[in-house]
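Here's query-v2.cif, which has mmCIF, C-alpha atoms:
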data_final
loop_
_atom_site.group_PDB
_atom_site.id
_atom_site.type_symbol
_atom_site.label_atom_id
_atom_site.label_comp_id
_atom_site.auth_asym_id
_atom_site.auth_seq_id
_atom_site.Cartn_x
_atom_site.Cartn_y
_atom_site.Cartn_z
ATOM 1 C CA MET A 918 -16.193 -78.121 -57.743
ATOM 2 C CA GLY A 919 -15.747 -75.443 -60.438
ATOM 3 C CA THR A 920 -13.203 -75.284 -63.202
ATOM 4 C CA LYS A 921 -9.822 -73.581 -62.799
ATOM 5 C CA LYS A 922 -11.128 -70.726 -64.945
ATOM 6 C CA SER A 923 -14.237 -70.185 -62.768
ATOM 7 C CA ARG A 924 -12.182 -70.331 -59.570
ATOM 8 C CA ALA A 925 -9.728 -67.763 -60.949
ATOM 9 C CA ARG A 926 -12.637 -65.511 -61.919
ATOM 10 C CA ALA A 927 -14.105 -65.764 -58.382
ATOM 11 C CA ILE A 928 -10.752 -64.888 -56.810
ATOM 12 C CA ALA A 929 -10.441 -61.873 -59.107
ATOM 13 C CA LEU A 930 -13.927 -60.667 -58.161
ATOM 14 C CA VAL A 931 -13.183 -60.953 -54.447
ATOM 15 C CA ALA A 932 -9.886 -59.124 -54.850
ATOM 16 C CA GLY A 933 -11.647 -56.367 -56.777
ATOM 17 C CA ALA A 934 -14.279 -56.008 -54.069
ATOM 18 C CA VAL A 935 -11.616 -55.736 -51.370
ATOM 19 C CA LEU A 936 -9.738 -53.117 -53.388
ATOM 20 C CA THR A 937 -12.921 -51.108 -53.943
ATOM 21 C CA ALA A 938 -13.790 -51.199 -50.246
ATOM 22 C CA ALA A 939 -10.293 -50.066 -49.319
ATOM 23 C CA THR A 940 -10.472 -47.211 -51.821
ATOM 24 C CA LEU A 941 -13.822 -46.006 -50.505
ATOM 25 C CA SER A 942 -12.578 -46.206 -46.928
ATOM 26 C CA GLY A 943 -9.582 -44.072 -47.853
ATOM 27 C CA CYS A 944 -11.896 -41.337 -49.122
ATOM 28 C CA THR A 945 -13.406 -40.727 -45.702
ATOM 29 C CA LYS A 946 -10.717 -41.491 -43.133
ATOM 30 C CA THR A 947 -7.065 -40.669 -42.655
ATOM 31 C CA ASP A 948 -4.770 -43.636 -43.150
ATOM 32 C CA THR A 949 -3.333 -44.906 -39.878
ATOM 33 C CA ALA A 950 -1.877 -48.253 -38.948
ATOM 34 C CA ALA A 951 -4.442 -50.131 -36.876
ATOM 35 C CA GLY A 952 -3.456 -49.585 -33.261
ATOM 36 C CA GLY A 953 -0.130 -48.243 -34.519
ATOM 37 C CA ASP A 954 1.876 -45.066 -34.077
ATOM 38 C CA LEU A 955 0.251 -42.126 -35.867
ATOM 39 C CA LEU A 956 3.386 -39.984 -35.609
ATOM 40 C CA GLN A 957 5.455 -42.559 -37.485
ATOM 41 C CA SER A 958 2.653 -43.079 -39.991
ATOM 42 C CA LEU A 959 2.556 -39.333 -40.729
ATOM 43 C CA LYS A 960 6.341 -39.244 -41.095
ATOM 44 C CA ASP A 961 6.173 -42.119 -43.548
ATOM 45 C CA LYS A 962 3.487 -40.344 -45.602
ATOM 46 C CA GLY A 963 5.102 -36.929 -45.237
ATOM 47 C CA THR A 964 1.655 -35.360 -44.842
ATOM 48 C CA VAL A 965 -0.606 -34.403 -41.941
ATOM 49 C CA THR A 966 -4.265 -33.550 -42.554
ATOM 50 C CA VAL A 967 -5.820 -30.901 -40.325
ATOM 51 C CA GLY A 968 -9.428 -29.867 -39.882
ATOM 52 C CA PHE A 969 -10.146 -26.131 -39.982
ATOM 53 C CA ALA A 970 -13.239 -23.924 -39.828
ATOM 54 C CA GLY A 971 -12.206 -21.027 -42.051
ATOM 55 C CA GLU A 972 -11.833 -18.534 -39.185
ATOM 56 C CA ALA A 973 -9.258 -15.924 -40.179
ATOM 57 C CA PRO A 974 -6.618 -15.213 -39.101
ATOM 58 C CA TYR A 975 -6.276 -18.602 -37.345
ATOM 59 C CA SER A 976 -6.785 -21.001 -40.278
ATOM 60 C CA PHE A 977 -8.533 -20.287 -43.560
ATOM 61 C CA GLU A 978 -8.250 -20.541 -47.321
ATOM 62 C CA GLU A 979 -7.013 -17.640 -49.427
ATOM 63 C CA ASN A 980 -6.807 -17.977 -53.199
ATOM 64 C CA GLY A 981 -7.280 -21.708 -52.770
ATOM 65 C CA GLN A 982 -4.341 -22.027 -50.367
ATOM 66 C CA LEU A 983 -4.489 -23.044 -46.695
ATOM 67 C CA THR A 984 -3.071 -20.245 -44.546
ATOM 68 C CA GLY A 985 -3.343 -18.513 -41.167
ATOM 69 C CA ALA A 986 -1.441 -18.219 -37.899
ATOM 70 C CA THR A 987 -2.304 -21.718 -36.689
ATOM 71 C CA VAL A 988 -1.384 -23.179 -40.065
ATOM 72 C CA ALA A 989 1.947 -21.311 -39.989
ATOM 73 C CA LEU A 990 2.688 -22.812 -36.568
ATOM 74 C CA HIS A 991 1.742 -26.236 -37.866
ATOM 75 C CA ARG A 992 3.985 -26.004 -40.908
ATOM 76 C CA GLU A 993 6.925 -25.082 -38.684
ATOM 77 C CA ILE A 994 6.257 -27.729 -36.042
ATOM 78 C CA PHE A 995 5.330 -30.633 -38.288
ATOM 79 C CA ARG A 996 8.290 -29.901 -40.573
ATOM 80 C CA ASN A 997 10.548 -30.174 -37.514
ATOM 81 C CA LEU A 998 8.906 -33.535 -36.816
ATOM 82 C CA GLY A 999 9.756 -34.757 -40.316
ATOM 83 C CA ILE A 1000 6.313 -34.129 -41.862
ATOM 84 C CA GLU A 1001 6.673 -31.745 -44.784
ATOM 85 C CA THR A 1002 3.096 -31.144 -45.946
ATOM 86 C CA VAL A 1003 0.034 -29.777 -44.108
ATOM 87 C CA ASP A 1004 -3.265 -30.451 -45.902
ATOM 88 C CA GLY A 1005 -6.640 -29.162 -44.763
ATOM 89 C CA VAL A 1006 -10.272 -30.261 -44.599
ATOM 90 C CA GLN A 1007 -12.739 -27.424 -44.004
ATOM 91 C CA THR A 1008 -15.799 -28.005 -41.844
ATOM 92 C CA ASP A 1009 -18.073 -26.038 -39.512
ATOM 93 C CA PHE A 1010 -16.479 -25.183 -36.174
ATOM 94 C CA GLY A 1011 -18.943 -27.303 -34.246
ATOM 95 C CA ALA A 1012 -18.083 -30.348 -36.370
ATOM 96 C CA LEU A 1013 -14.310 -30.198 -35.828
ATOM 97 C CA ILE A 1014 -14.019 -32.492 -32.798
ATOM 98 C CA PRO A 1015 -16.582 -34.999 -34.168
ATOM 99 C CA GLY A 1016 -14.649 -35.004 -37.464
ATOM 100 C CA LEU A 1017 -11.396 -35.604 -35.587
ATOM 101 C CA GLN A 1018 -12.935 -38.502 -33.675
ATOM 102 C CA ALA A 1019 -14.231 -39.949 -36.959
ATOM 103 C CA GLN A 1020 -10.649 -39.766 -38.342
ATOM 104 C CA ARG A 1021 -11.540 -37.358 -41.129
ATOM 105 C CA PHE A 1022 -8.310 -35.568 -40.191
ATOM 106 C CA ASP A 1023 -5.319 -36.051 -37.890
ATOM 107 C CA ALA A 1024 -5.578 -32.823 -35.865
ATOM 108 C CA VAL A 1025 -7.693 -29.679 -35.559
ATOM 109 C CA SER A 1026 -6.115 -26.417 -36.689
ATOM 110 C CA ALA A 1027 -8.463 -23.700 -35.421
ATOM 111 C CA GLY A 1028 -7.012 -22.013 -32.328
ATOM 112 C CA MET A 1029 -9.777 -23.826 -30.432
ATOM 113 C CA SER A 1030 -10.437 -22.733 -26.850
ATOM 114 C CA ILE A 1031 -9.183 -25.210 -24.265
ATOM 115 C CA LEU A 1032 -12.246 -25.948 -22.140
ATOM 116 C CA PRO A 1033 -12.979 -28.712 -19.585
ATOM 117 C CA GLU A 1034 -15.888 -30.157 -21.579
ATOM 118 C CA ARG A 1035 -13.774 -30.308 -24.736
ATOM 119 C CA CYS A 1036 -10.899 -31.944 -22.853
ATOM 120 C CA GLU A 1037 -13.255 -34.826 -22.091
ATOM 121 C CA GLN A 1038 -13.585 -35.483 -25.832
ATOM 122 C CA ALA A 1039 -10.091 -34.830 -27.196
ATOM 123 C CA ALA A 1040 -6.482 -34.022 -26.246
ATOM 124 C CA PHE A 1041 -5.244 -30.420 -26.500
ATOM 125 C CA SER A 1042 -1.734 -29.145 -27.035
ATOM 126 C CA GLU A 1043 -0.293 -26.612 -24.632
ATOM 127 C CA PRO A 1044 -1.701 -23.104 -25.317
ATOM 128 C CA GLU A 1045 -0.685 -21.500 -28.606
ATOM 129 C CA PHE A 1046 -2.647 -18.249 -28.344
ATOM 130 C CA MET A 1047 -4.252 -16.080 -25.692
ATOM 131 C CA TYR A 1048 -7.340 -14.190 -26.766
ATOM 132 C CA THR A 1049 -10.014 -11.739 -25.705
ATOM 133 C CA THR A 1050 -13.579 -11.280 -26.922
ATOM 134 C CA ALA A 1051 -15.032 -8.391 -28.935
ATOM 135 C CA LEU A 1052 -18.331 -7.467 -30.566
ATOM 136 C CA MET A 1053 -19.045 -6.625 -34.180
ATOM 137 C CA VAL A 1054 -21.882 -4.112 -34.383
ATOM 138 C CA LYS A 1055 -23.457 -1.786 -36.905
ATOM 139 C CA GLU A 1056 -21.446 1.302 -37.734
ATOM 140 C CA GLY A 1057 -21.842 3.856 -34.947
ATOM 141 C CA ASN A 1058 -22.774 1.138 -32.430
ATOM 142 C CA PRO A 1059 -26.384 2.420 -32.127
ATOM 143 C CA LEU A 1060 -27.171 0.267 -29.071
ATOM 144 C CA GLY A 1061 -23.970 1.199 -27.252
ATOM 145 C CA LEU A 1062 -22.921 -2.428 -26.740
ATOM 146 C CA THR A 1063 -19.665 -2.979 -24.869
ATOM 147 C CA ASP A 1064 -19.625 -6.506 -23.425
ATOM 148 C CA MET A 1065 -21.748 -9.618 -22.978
ATOM 149 C CA PRO A 1066 -23.976 -8.291 -20.160
ATOM 150 C CA SER A 1067 -24.758 -5.178 -22.224
ATOM 151 C CA ILE A 1068 -26.183 -7.429 -24.950
ATOM 152 C CA LYS A 1069 -28.610 -8.920 -22.462
ATOM 153 C CA ASP A 1070 -29.436 -5.557 -20.847
ATOM 154 C CA LYS A 1071 -30.294 -3.970 -24.218
ATOM 155 C CA GLY A 1072 -32.215 -7.000 -25.489
ATOM 156 C CA ALA A 1073 -29.970 -7.039 -28.570
ATOM 157 C CA LYS A 1074 -30.249 -9.750 -31.201
ATOM 158 C CA MET A 1075 -27.012 -11.703 -31.025
ATOM 159 C CA ALA A 1076 -25.180 -14.022 -33.438
ATOM 160 C CA VAL A 1077 -22.485 -16.487 -32.411
ATOM 161 C CA MET A 1078 -20.527 -19.138 -34.262
ATOM 162 C CA THR A 1079 -21.717 -22.681 -33.621
ATOM 163 C CA GLY A 1080 -19.404 -24.439 -31.183
ATOM 164 C CA ALA A 1081 -17.386 -21.307 -30.358
ATOM 165 C CA ILE A 1082 -16.778 -20.170 -26.778
ATOM 166 C CA GLU A 1083 -18.989 -17.103 -27.296
ATOM 167 C CA SER A 1084 -21.929 -19.451 -27.772
ATOM 168 C CA ASP A 1085 -21.217 -20.871 -24.313
ATOM 169 C CA TYR A 1086 -21.016 -17.360 -22.870
ATOM 170 C CA ALA A 1087 -24.433 -16.560 -24.325
ATOM 171 C CA THR A 1088 -25.960 -19.725 -22.882
ATOM 172 C CA SER A 1089 -24.476 -19.044 -19.437
ATOM 173 C CA LEU A 1090 -25.917 -15.513 -19.453
ATOM 174 C CA GLY A 1091 -29.329 -16.603 -20.696
ATOM 175 C CA ILE A 1092 -28.988 -14.847 -24.054
ATOM 176 C CA ASP A 1093 -30.902 -16.421 -26.927
ATOM 177 C CA ALA A 1094 -28.333 -16.263 -29.743
ATOM 178 C CA THR A 1095 -28.574 -17.164 -33.415
ATOM 179 C CA GLN A 1096 -26.022 -19.765 -34.486
ATOM 180 C CA VAL A 1097 -23.973 -19.197 -37.656
ATOM 181 C CA GLY A 1098 -21.505 -21.499 -39.372
ATOM 182 C CA ARG A 1099 -18.729 -19.059 -40.344
ATOM 183 C CA PRO A 1100 -17.430 -15.612 -39.338
ATOM 184 C CA GLN A 1101 -18.612 -14.204 -42.663
ATOM 185 C CA ASP A 1102 -22.140 -15.397 -41.832
ATOM 186 C CA GLY A 1103 -21.975 -13.501 -38.546
ATOM 187 C CA MET A 1104 -20.961 -10.270 -40.252
ATOM 188 C CA ASP A 1105 -23.703 -10.764 -42.853
ATOM 189 C CA ALA A 1106 -26.239 -11.176 -40.038
ATOM 190 C CA VAL A 1107 -25.219 -7.778 -38.651
ATOM 191 C CA THR A 1108 -25.134 -5.938 -41.968
ATOM 192 C CA SER A 1109 -28.524 -7.341 -42.982
ATOM 193 C CA GLY A 1110 -30.127 -6.421 -39.665
ATOM 194 C CA ARG A 1111 -30.919 -10.011 -38.707
ATOM 195 C CA SER A 1112 -28.643 -9.519 -35.698
ATOM 196 C CA ASP A 1113 -27.510 -6.444 -33.784
ATOM 197 C CA VAL A 1114 -24.209 -7.952 -32.710
ATOM 198 C CA PHE A 1115 -21.823 -10.769 -33.551
ATOM 199 C CA ALA A 1116 -19.464 -11.944 -30.790
ATOM 200 C CA LEU A 1117 -16.139 -13.643 -31.517
ATOM 201 C CA THR A 1118 -12.462 -13.328 -30.601
ATOM 202 C CA ALA A 1119 -11.215 -9.778 -31.030
ATOM 203 C CA ILE A 1120 -8.432 -10.719 -33.427
ATOM 204 C CA SER A 1121 -10.882 -12.556 -35.715
ATOM 205 C CA LEU A 1122 -13.393 -9.697 -35.791
ATOM 206 C CA ASN A 1123 -10.722 -7.066 -36.436
ATOM 207 C CA TRP A 1124 -9.313 -9.164 -39.285
ATOM 208 C CA LEU A 1125 -12.819 -9.555 -40.727
ATOM 209 C CA ALA A 1126 -13.531 -5.816 -40.527
ATOM 210 C CA ASP A 1127 -10.130 -4.845 -41.950
ATOM 211 C CA HIS A 1128 -10.633 -7.163 -44.929
ATOM 212 C CA ASN A 1129 -14.168 -5.900 -45.590
ATOM 213 C CA PRO A 1130 -13.628 -2.111 -45.478
ATOM 214 C CA ASP A 1131 -16.915 -1.344 -47.253
ATOM 215 C CA ALA A 1132 -19.045 -3.262 -44.742
ATOM 216 C CA PRO A 1133 -20.996 -0.846 -42.478
ATOM 217 C CA VAL A 1134 -19.720 -2.417 -39.248
ATOM 218 C CA GLU A 1135 -17.279 -1.678 -36.460
ATOM 219 C CA VAL A 1136 -15.600 -3.725 -33.756
ATOM 220 C CA THR A 1137 -15.764 -2.762 -30.088
ATOM 221 C CA GLU A 1138 -12.827 -2.666 -27.720
ATOM 222 C CA SER A 1139 -11.881 -6.169 -26.639
ATOM 223 C CA PHE A 1140 -12.709 -7.472 -23.181
ATOM 224 C CA VAL A 1141 -12.330 -10.517 -20.953
ATOM 225 C CA ALA A 1142 -15.767 -12.050 -20.548
ATOM 226 C CA GLU A 1143 -17.045 -12.653 -17.022
ATOM 227 C CA ILE A 1144 -19.428 -15.471 -16.131
ATOM 228 C CA ASP A 1145 -20.837 -15.571 -12.587
ATOM 229 C CA GLY A 1146 -18.274 -12.950 -11.627
ATOM 230 C CA LYS A 1147 -15.358 -15.075 -12.834
ATOM 231 C CA PRO A 1148 -13.091 -13.797 -15.640
ATOM 232 C CA GLN A 1149 -12.910 -16.276 -18.510
ATOM 233 C CA VAL A 1150 -9.246 -16.706 -19.375
ATOM 234 C CA GLY A 1151 -9.092 -17.511 -23.077
ATOM 235 C CA ALA A 1152 -6.414 -19.747 -24.579
ATOM 236 C CA GLY A 1153 -6.474 -21.951 -27.643
ATOM 237 C CA GLY A 1154 -4.484 -24.902 -28.909
ATOM 238 C CA THR A 1155 -4.280 -27.699 -31.445
ATOM 239 C CA VAL A 1156 -6.532 -30.707 -30.888
ATOM 240 C CA PHE A 1157 -5.577 -34.388 -31.227
ATOM 241 C CA ARG A 1158 -7.320 -37.675 -30.576
ATOM 242 C CA THR A 1159 -6.815 -38.965 -27.036
ATOM 243 C CA ASP A 1160 -5.025 -42.113 -28.233
ATOM 244 C CA ASN A 1161 -2.355 -40.157 -30.131
ATOM 245 C CA ARG A 1162 -0.258 -39.308 -27.080
ATOM 246 C CA GLU A 1163 3.125 -39.766 -28.795
ATOM 247 C CA LEU A 1164 2.152 -37.282 -31.508
ATOM 248 C CA LEU A 1165 0.843 -34.816 -28.908
ATOM 249 C CA ASP A 1166 4.015 -35.038 -26.800
ATOM 250 C CA ALA A 1167 6.264 -34.538 -29.818
ATOM 251 C CA TYR A 1168 4.129 -31.588 -30.937
ATOM 252 C CA ASN A 1169 4.306 -29.944 -27.496
ATOM 253 C CA THR A 1170 8.094 -30.293 -27.415
ATOM 254 C CA GLU A 1171 8.408 -28.331 -30.672
ATOM 255 C CA LEU A 1172 5.692 -25.843 -29.672
ATOM 256 C CA ARG A 1173 7.536 -25.034 -26.448
ATOM 257 C CA LYS A 1174 10.626 -24.034 -28.443
ATOM 258 C CA ILE A 1175 8.488 -21.427 -30.222
ATOM 259 C CA THR A 1176 6.353 -20.046 -27.389
ATOM 260 C CA SER A 1177 9.415 -19.689 -25.138
ATOM 261 C CA ASP A 1178 11.048 -17.407 -27.740
ATOM 262 C CA LYS A 1179 9.036 -14.217 -28.320
ATOM 263 C CA ASP A 1180 10.905 -13.241 -31.476
ATOM 264 C CA LYS A 1181 10.529 -16.710 -32.973
ATOM 265 C CA TYR A 1182 6.815 -16.763 -32.125
ATOM 266 C CA LEU A 1183 6.174 -13.361 -33.715
ATOM 267 C CA SER A 1184 8.223 -14.235 -36.799
ATOM 268 C CA ILE A 1185 5.737 -17.055 -37.464
ATOM 269 C CA VAL A 1186 2.357 -15.530 -36.494
ATOM 270 C CA GLY A 1187 3.039 -11.772 -36.626
ATOM 271 C CA GLU A 1188 2.022 -11.369 -40.264
ATOM 272 C CA PHE A 1189 -1.486 -12.488 -39.318
ATOM 273 C CA GLY A 1190 -1.962 -9.681 -36.791
ATOM 274 C CA PHE A 1191 -0.840 -11.562 -33.688
ATOM 275 C CA THR A 1192 1.259 -9.643 -31.181
ATOM 276 C CA GLU A 1193 3.041 -10.240 -27.887
ATOM 277 C CA ALA A 1194 -0.407 -9.895 -26.234
ATOM 278 C CA GLU A 1195 -1.401 -13.233 -27.795
ATOM 279 C CA LEU A 1196 1.774 -15.026 -26.634
ATOM 280 C CA PRO A 1197 0.680 -17.657 -24.087
ATOM 281 C CA ASP A 1198 1.431 -17.109 -20.407
ATOM 282 C CA PRO A 1199 3.905 -19.902 -19.498
ATOM 283 C CA GLU A 1200 2.097 -20.342 -16.156
ATOM 284 C CA LEU A 1201 -1.177 -21.129 -17.946
ATOM 285 C CA THR A 1202 -1.093 -24.824 -18.798
ATOM 286 C CA THR A 1203 -3.531 -27.078 -20.588
ATOM 287 C CA ALA A 1204 -3.826 -29.170 -17.424
ATOM 288 C CA LYS A 1205 -5.138 -26.138 -15.530
ATOM 289 C CA LEU A 1206 -7.476 -25.119 -18.344
ATOM 290 C CA CYS A 1207 -8.857 -28.647 -18.663
ATOM 291 C CA THR A 1208 -9.716 -28.803 -14.985
ATOM 292 C CA GLY A 1209 -11.000 -25.226 -14.871
ATOM 293 C CA ASP A 1210 -8.423 -24.571 -12.138
ATOM 294 C CA ILE A 1211 -7.505 -21.040 -13.233
#

Represent the structure contained in this file as C-alpha cells.
Amino acid sequence: MGTKKSRARAIALVAGAVLTAATLSGCTKTDTAAGGDLLQSLKDKGTVTVGFAGEAPYSFEENGQLTGATVALHREIFRNLGIETVDGVQTDFGALIPGLQAQRFDAVSAGMSILPERCEQAAFSEPEFMYTTALMVKEGNPLGLTDMPSIKDKGAKMAVMTGAIESDYATSLGIDATQVGRPQDGMDAVTSGRSDVFALTAISLNWLADHNPDAPVEVTESFVAEIDGKPQVGAGGTVFRTDNRELLDAYNTELRKITSDKDKYLSIVGEFGFTEAELPDPELTTAKLCTGDI
C-alpha cells in the first residue's frame, strides 16, 4: 500500500487524464447530453453549430463572418427557439452529412436538396427553398449549351460540385463529370478551360457571376432538369440527425411561420437574391420528396 502522498499524486494524475480526454473530445464533437434532449442542450448553451459548404448565397463566409440566406433563416428560427448564436463549421458539400452524423455540428446549413437517398441518412426540415438548375459556360457560350442533355450531345467537359444534385444528374445521364469541392473551383475550371461547363443551382451561379464581373463566363437560362422523362422538382432544407426529432419538430414549427408569410420570407432572404419564385410550394412536403412521390 502506498503512502498518502503517493495515493494523492495518483488520483491527481487520473483526474488530469480524464480532463485532457474530455477537452480533446470537445474539440471534435458538439456537446450533447448522452441520450438527452439536444434542443434543451442548445438552449442551455445559447449556441447552435451548423455545417456549411461555402455555397453563396445559401451559406458562406464574407469578411470572416457567416452569412447567406440559409444562415439568415437559421438566425431567425433558432433565436425564436431561445438559441441566440449560430456558429459555423465549413466543409466540402459531400462531407456535410457524414460530419453531421459524426456530431461535428448540430445541423447542416446549405440549402441541401431533399432526396430519397439522403433521407435514409438524415432528417430534413420542410422545404425552405425551391430551385432550378443552370449552366456556367465560357463567355459567348461557344458550344451552345442549354440543359443537361445538350452537355452530353456536344461531348462537353463538365464540372459538378461533389455531393450536389447536379452530380447525380450527370451520373443518371451517363456524363463523365469532374468533381470540384467549391463553387469557385467550378468557375475556375471553366475559365481555365479544364471544363466547358459547370452545373449548379441557378441562384448560386448567378451570384457567383455577379460577384466576379471580370471572369469571362456567363450563366444560361435556368431550367428544370429531366431524368428519364421525369422533371426533377428541386427543393432544399436544413438537415438534422435522425434522433433529434424534438429539435426538428420545433424548427419546422418556426419555419412554417416564415414560409406561410411571403413578405416575412422575403424580408429575411431577399437581400441574398431570393424571390417569390424560391418560396416553397406548400403542397410540396418533405415526406413526398423523401419517398420520391412527386

Name every residue that the PyMOL selection byres ((chain A and resi 1077) around 12) selects in this structure, writing the answer as a tab-separated table (two decimals) with C-alpha atoms, keeping the file's coordinate frame with chains first and numbers rising.
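Saved the output as result-v2.tsv:
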chain	number	residue	atom	x	y	z
A	1010	PHE	CA	-16.48	-25.18	-36.17
A	1011	GLY	CA	-18.94	-27.30	-34.25
A	1050	THR	CA	-13.58	-11.28	-26.92
A	1051	ALA	CA	-15.03	-8.39	-28.94
A	1052	LEU	CA	-18.33	-7.47	-30.57
A	1053	MET	CA	-19.05	-6.62	-34.18
A	1065	MET	CA	-21.75	-9.62	-22.98
A	1074	LYS	CA	-30.25	-9.75	-31.20
A	1075	MET	CA	-27.01	-11.70	-31.02
A	1076	ALA	CA	-25.18	-14.02	-33.44
A	1078	MET	CA	-20.53	-19.14	-34.26
A	1079	THR	CA	-21.72	-22.68	-33.62
A	1080	GLY	CA	-19.40	-24.44	-31.18
A	1081	ALA	CA	-17.39	-21.31	-30.36
A	1082	ILE	CA	-16.78	-20.17	-26.78
A	1083	GLU	CA	-18.99	-17.10	-27.30
A	1084	SER	CA	-21.93	-19.45	-27.77
A	1085	ASP	CA	-21.22	-20.87	-24.31
A	1086	TYR	CA	-21.02	-17.36	-22.87
A	1087	ALA	CA	-24.43	-16.56	-24.32
A	1088	THR	CA	-25.96	-19.73	-22.88
A	1092	ILE	CA	-28.99	-14.85	-24.05
A	1093	ASP	CA	-30.90	-16.42	-26.93
A	1094	ALA	CA	-28.33	-16.26	-29.74
A	1095	THR	CA	-28.57	-17.16	-33.42
A	1096	GLN	CA	-26.02	-19.76	-34.49
A	1097	VAL	CA	-23.97	-19.20	-37.66
A	1098	GLY	CA	-21.50	-21.50	-39.37
A	1099	ARG	CA	-18.73	-19.06	-40.34
A	1100	PRO	CA	-17.43	-15.61	-39.34
A	1101	GLN	CA	-18.61	-14.20	-42.66
A	1102	ASP	CA	-22.14	-15.40	-41.83
A	1103	GLY	CA	-21.98	-13.50	-38.55
A	1104	MET	CA	-20.96	-10.27	-40.25
A	1105	ASP	CA	-23.70	-10.76	-42.85
A	1106	ALA	CA	-26.24	-11.18	-40.04
A	1107	VAL	CA	-25.22	-7.78	-38.65
A	1112	SER	CA	-28.64	-9.52	-35.70
A	1113	ASP	CA	-27.51	-6.44	-33.78
A	1114	VAL	CA	-24.21	-7.95	-32.71
A	1115	PHE	CA	-21.82	-10.77	-33.55
A	1116	ALA	CA	-19.46	-11.94	-30.79
A	1117	LEU	CA	-16.14	-13.64	-31.52
A	1118	THR	CA	-12.46	-13.33	-30.60
A	1122	LEU	CA	-13.39	-9.70	-35.79

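Across the structure, CA of Pro1044 (chain A) and CA of Ala973 (chain A) are spaced 18.2 Å apart.
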
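For the point (-2.7, -16.4, -41.2), the residues with at least one atom inside 9 Å, counting all atoms listed in the file, are Ala973, Pro974, Tyr975, Ser976, Phe977, Leu983, Thr984, Gly985, Ala986, Thr987, Val988, Ala989, Val1186, Gly1187, Glu1188, Phe1189 and Gly1190 of chain A.
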
Subject >> Expansion of the PyMOL selection byres ((chain A and resi 1177) around 12) into residues, as a ChimeraX atom specification >> reply: /A:1043-1045,1169-1176,1178-1183,1193,1196-1200

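Between Ile1144 (chain A) and the residues A:Thr1202, A:Ser1089, A:Gln1007, A:Ser1184, the shortest atom-to-atom distance, using only C-alpha atoms, involves A:Ser1089.
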
List the neighbours of Phe1046 (chain A) out to 8 Å using only C-alpha atoms; skip same-chain residues closer than 3 positions along the sequence, and give me the result as a tab-separated table (two decimals) with C-alpha atoms, in the coordinates of the input.
chain	number	residue	atom	x	y	z
A	1028	GLY	CA	-7.01	-22.01	-32.33
A	1152	ALA	CA	-6.41	-19.75	-24.58
A	1153	GLY	CA	-6.47	-21.95	-27.64
A	1154	GLY	CA	-4.48	-24.90	-28.91
A	1195	GLU	CA	-1.40	-13.23	-27.80
A	1196	LEU	CA	1.77	-15.03	-26.63
A	1197	PRO	CA	0.68	-17.66	-24.09

**OP:** Could you please give me, as a PyMOL selection string, the residues of protein, DNA or RNA lying at most 12 Å from (2.8, -39.4, -39.9) in the coordinate frame of the file, considering all atoms listed in the file?
**Re:** chain A and resi 947-950+953-966+995-996+998-1003+1022-1024+1161+1163-1164+1167-1168

Original post:
What is the distance between CA of Cys1207 (chain A) and CA of Asn1123 (chain A), in Å to one decimal?
Top reply: 28.0 Å

Original post:
In Å to one decimal, how far is CA of Pro1130 (chain A) from CA of Pro1059 (chain A)?
Top reply: 19.0 Å

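Each of A:Val1054, A:Arg1111, A:Gly1151, A:Ile994 was compared to Ala1132 (chain A) using only C-alpha atoms, and A:Val1054 turns out to be the nearest.
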
Subject >> Spatial neighbours of Lys1147 (chain A), 12 Å, all atoms listed in the file, chain gap at least 3 places, as a list in words >> reply: Tyr1086, Ser1089, Val1141, Ala1142, Glu1143, Ile1144, Val1150, Gly1209, Asp1210 and Ile1211 of chain A

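When you apply the PyMOL selection byres ((chain A and resi 1158) around 6) to this structure, what comes back is Ala1039, Ala1040, Phe1157, Thr1159, Asp1160 and Asn1161 of chain A.
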